[in-house]
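Colleague: Pasting a structure here, questions to come.
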Amino acid sequence: MTELSINLKSMQDEPARFQFQFKHMQSRMDVQTVSTLIRPPLKIAIVTDTWAPEINGVAHSLLQLCRGLQQQGNSIFLIRPEQSEACIDFKPDHECLVRAQSIPKYSGLQFGWPQLIKLTKALKQNQVDIVHIVTEGPLGFAMLQLARSLHIPVSSGFHSAFHDFSRYFDLAFLMKPVQHYLRWFHNNTHLTCVPSQDTANALRKLGFTCPLVVVGRGVDQQRFSSKYYSTELRQQWSAGEHTRVMLYVGRLSPEKEVDVLISAYRSMQAAQRTLPNKLVIVGDGPDRLRLEQLATGLDVIFMGSLSGQALSQAYASADVFVFASQVETFGNVVLEAMASGLPVIAYNAACAQLYIRSEQTGWLCSLSHTDEFIRLMQQLPERQKLKTMGVEAANDAAKIGWQHPVQQFEQALYKVVDQVVHASFY
C-alpha cells in the first residue's frame with residue numbers, strides 16, 4: 001500500500017512516469033487485487049424474467065454470477081417477476097418484484113410485466129451504476145428504455161437462441177421478426193455478454209454490431225460429483241452391474257430433440273445385444289406427454305424435474321450423458337455431467353465443443369447429422385470403459401470453476417461504466 005501511495009503522489013508531478021510505474025505494478029498484481037485497490041464496487045441492477053429456484057441454465061448461471069459479484073463487494077439490485085417459491089441460495093442487496101405472466105406453450109416459465117411507475121421509482125431510489133438486462137421480454141424492453149432515458153449505462157446478456165428454436169413450436173414464421181427484434185434490442189445496449197465465442201460469431205453474422213464479450217460458465221464441484229453415486233437409485237432404475245444407463249437432463253421441449261434419444265434407444269433395444277441399456281430422462285416441459293407416448297413400450301424412465309441432492313445422484317448414478325440439442329448458446333448440463341463423472345455424447349458446438357475431448361471424455365457429432373448421433377449411441381462401449389472416460393471427464397471439469405466467469409462479467413460491467421463516464425466527461 002505504501003508503494004501505491006508514493007506512486008499516486010508522484011502522479012501529480014510526473015504523469016508519464018506514473019503511468020509506466022502503474023502498468024508495471026499491474027503486471028505483478030492479480031486482477032482482483034488491482035480492482036479492489038483502484039475501483040469502487042458497482043451498484044448493479046440485474047433485470048431478468050427467470051430466477052432460482054426455477055430450473056434452467058439461465059437462472060442457474062445468473063445465480064452463480066450474482067453470488068460471485070456480491071462476494072467481490074458489488075451491490076446487486078434484482079428486478080424480476082414474482083415467484084411462488086423463494087430462492088434460499090442468494091439474497092440480493094435490494095429487490096423490485098413485478099407481476100408475473102406465464103409464457104404460452106412453455107409451462108414453468110414466465111415473464112414480468114413492465115410496471116413503469118414502480119420500476120422508475122425503484123431505479124431512481126437505488127442510484128445504480130449500470131443496468132444489466134438478462135432477458136429481452138417486456139420487462140427487459142421497459143428497462144432498456146427507462147435506463148436510456150435516465151442516462152444509466154446498459155449491458156445485456158444473450159442466453160437463448162429464441163430466433164432459432166421458434167421453428168420447433170410451429171412458429172417458423174416468427175423466426176425473422178424475432179431475429180430482427182433481438183438484433184435491435186442488443187444493438188441498443190452498450191455491450192452484450194455471450195457465453196461462448198461460437199455464439200459471438202453467430203450473432204456477428206446476424207448483424208449484431210454492439211460490442212460482444214465472452215462471459216464463460218463454470219460448474220459447482222461440490223454440487224456435481226461422482227461421490228453422489230447411489231446404488232439404491234440404480235436399483236430403482238432396474239439397472240444391473242452391466243447395464244449402461246444413458247441420461248438426459250434438461251427441459252422437455254421440442255428444440256431439445258429428446259425424440260432423437262428415444263429413437264436411438266428404440267433401435268438399441270430392437271438389436272437385442274448382450275449389453276443391457278436403460279434411458280433415464282430428467283426434466284419437465286411442454287413436450288413431456290408426446291415424448292412419453294413416443295416411448296410407450298420401451299421402459300424409458302421419466303423422472304420429472306429434480307433439484308438438489310436428487311439431481312446430483314441422478315447424474316452420478318448414470319454411465320453416459322446424451323444431449324441431442326443443436327440450439328444451445330452454451331449448455332451447462334454438459335459440464336454438470338462431466339463433473340459428475342460421465343462421458344458425453346453431444347453435437348460439436350457450444351460447451352461440448354469447448355470441453356469434450358473426442359474419444360477420451362466423450363464423443364462429438366457434426367451438427368445436423370442425426371444419423372451420426374444415433375450411431376454413436378448404438379456403438380457405446382461397455383460400462384467399464386465408460387467409467388474410465390468419466391474419470392477423465394471429471395478431471396477436466398475440476399479445472400472449470402465460476403471464479404473466472406465472475407471476473408469476466410465484472411470486467412465487462414466496469415468496461416461499460418468506464419466508457420460511458422469517459423464519454424460524458426468529455
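In the C-alpha cells, each chain is lettered A, B, ... as it comes, each chain's residues begin at 1, and ligands are numbered from 1 in order of appearance.
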For Gln419 of chain A, please output as a PyMOL selection string all residues within 12 Å (counting only C-alpha atoms; exclusion window: fewer than 6 positions along the same chain).
Modeller: chain A and resi 130+152-155+190-191+211+412-413+425-426
Colleague: Report as a PyMOL selection string all protein, DNA and RNA residues lying within 12 Å of Gln236 of chain A, evaluated on only C-alpha atoms, omitting residues in the same chain fewer than 2 positions from it.
Modeller: chain A and resi 230-234+238-240+278+280+301+303+314+317
Colleague: Using only C-alpha atoms, determine which residues lie at most 12 Å from Glu241 of chain A, disregarding the query and same-chain residues fewer than 5 positions distant; provide the list as a PyMOL selection string.
Modeller: chain A and resi 231+234-235+275-277+317-319+382-384
Colleague: Please produce a file of those selected residues containing C-alpha atoms, as a CSV table (one decimal), in the first residue's frame.
Modeller:
```
chain,number,residue,atom,x,y,z
A,231,THR,CA,-26.7,-48.0,-5.7
A,234,ARG,CA,-29.7,-47.7,-9.9
A,235,GLN,CA,-31.8,-50.4,-8.3
A,275,LEU,CA,-25.2,-55.5,-23.0
A,276,PRO,CA,-28.4,-54.2,-21.4
A,277,ASN,CA,-29.3,-50.5,-21.6
A,317,SER,CA,-25.5,-42.9,-10.9
A,318,ALA,CA,-25.7,-42.9,-14.7
A,319,ASP,CA,-23.0,-44.1,-17.1
A,382,GLU,CA,-19.1,-51.4,-22.2
A,383,ARG,CA,-19.7,-49.9,-18.8
A,384,GLN,CA,-16.1,-50.2,-17.5
```
Colleague: Looking at only C-alpha atoms, which of A:Val416, A:Val178, A:Leu376, A:Leu62 is the one that sits closest to Asp89 of chain A?
Modeller: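 Answer, going by the shortest atom-to-atom distance: A:Leu62.
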Colleague: When DSSP works through the backbone of this structure, what residues of segment 103-207 of chain A end up as helix (DSSP H, G or I), shown as a count of residues only?
Modeller: 56
Colleague: Would you list, as a ChimeraX atom specification, the residues of segment 52-266 of chain A that end up in strand (DSSP E) under DSSP run on this structure's backbone?
Modeller: /A:75-81,94-98,100-102,110-112,130-133,154-157,191-194,212-214,244-249
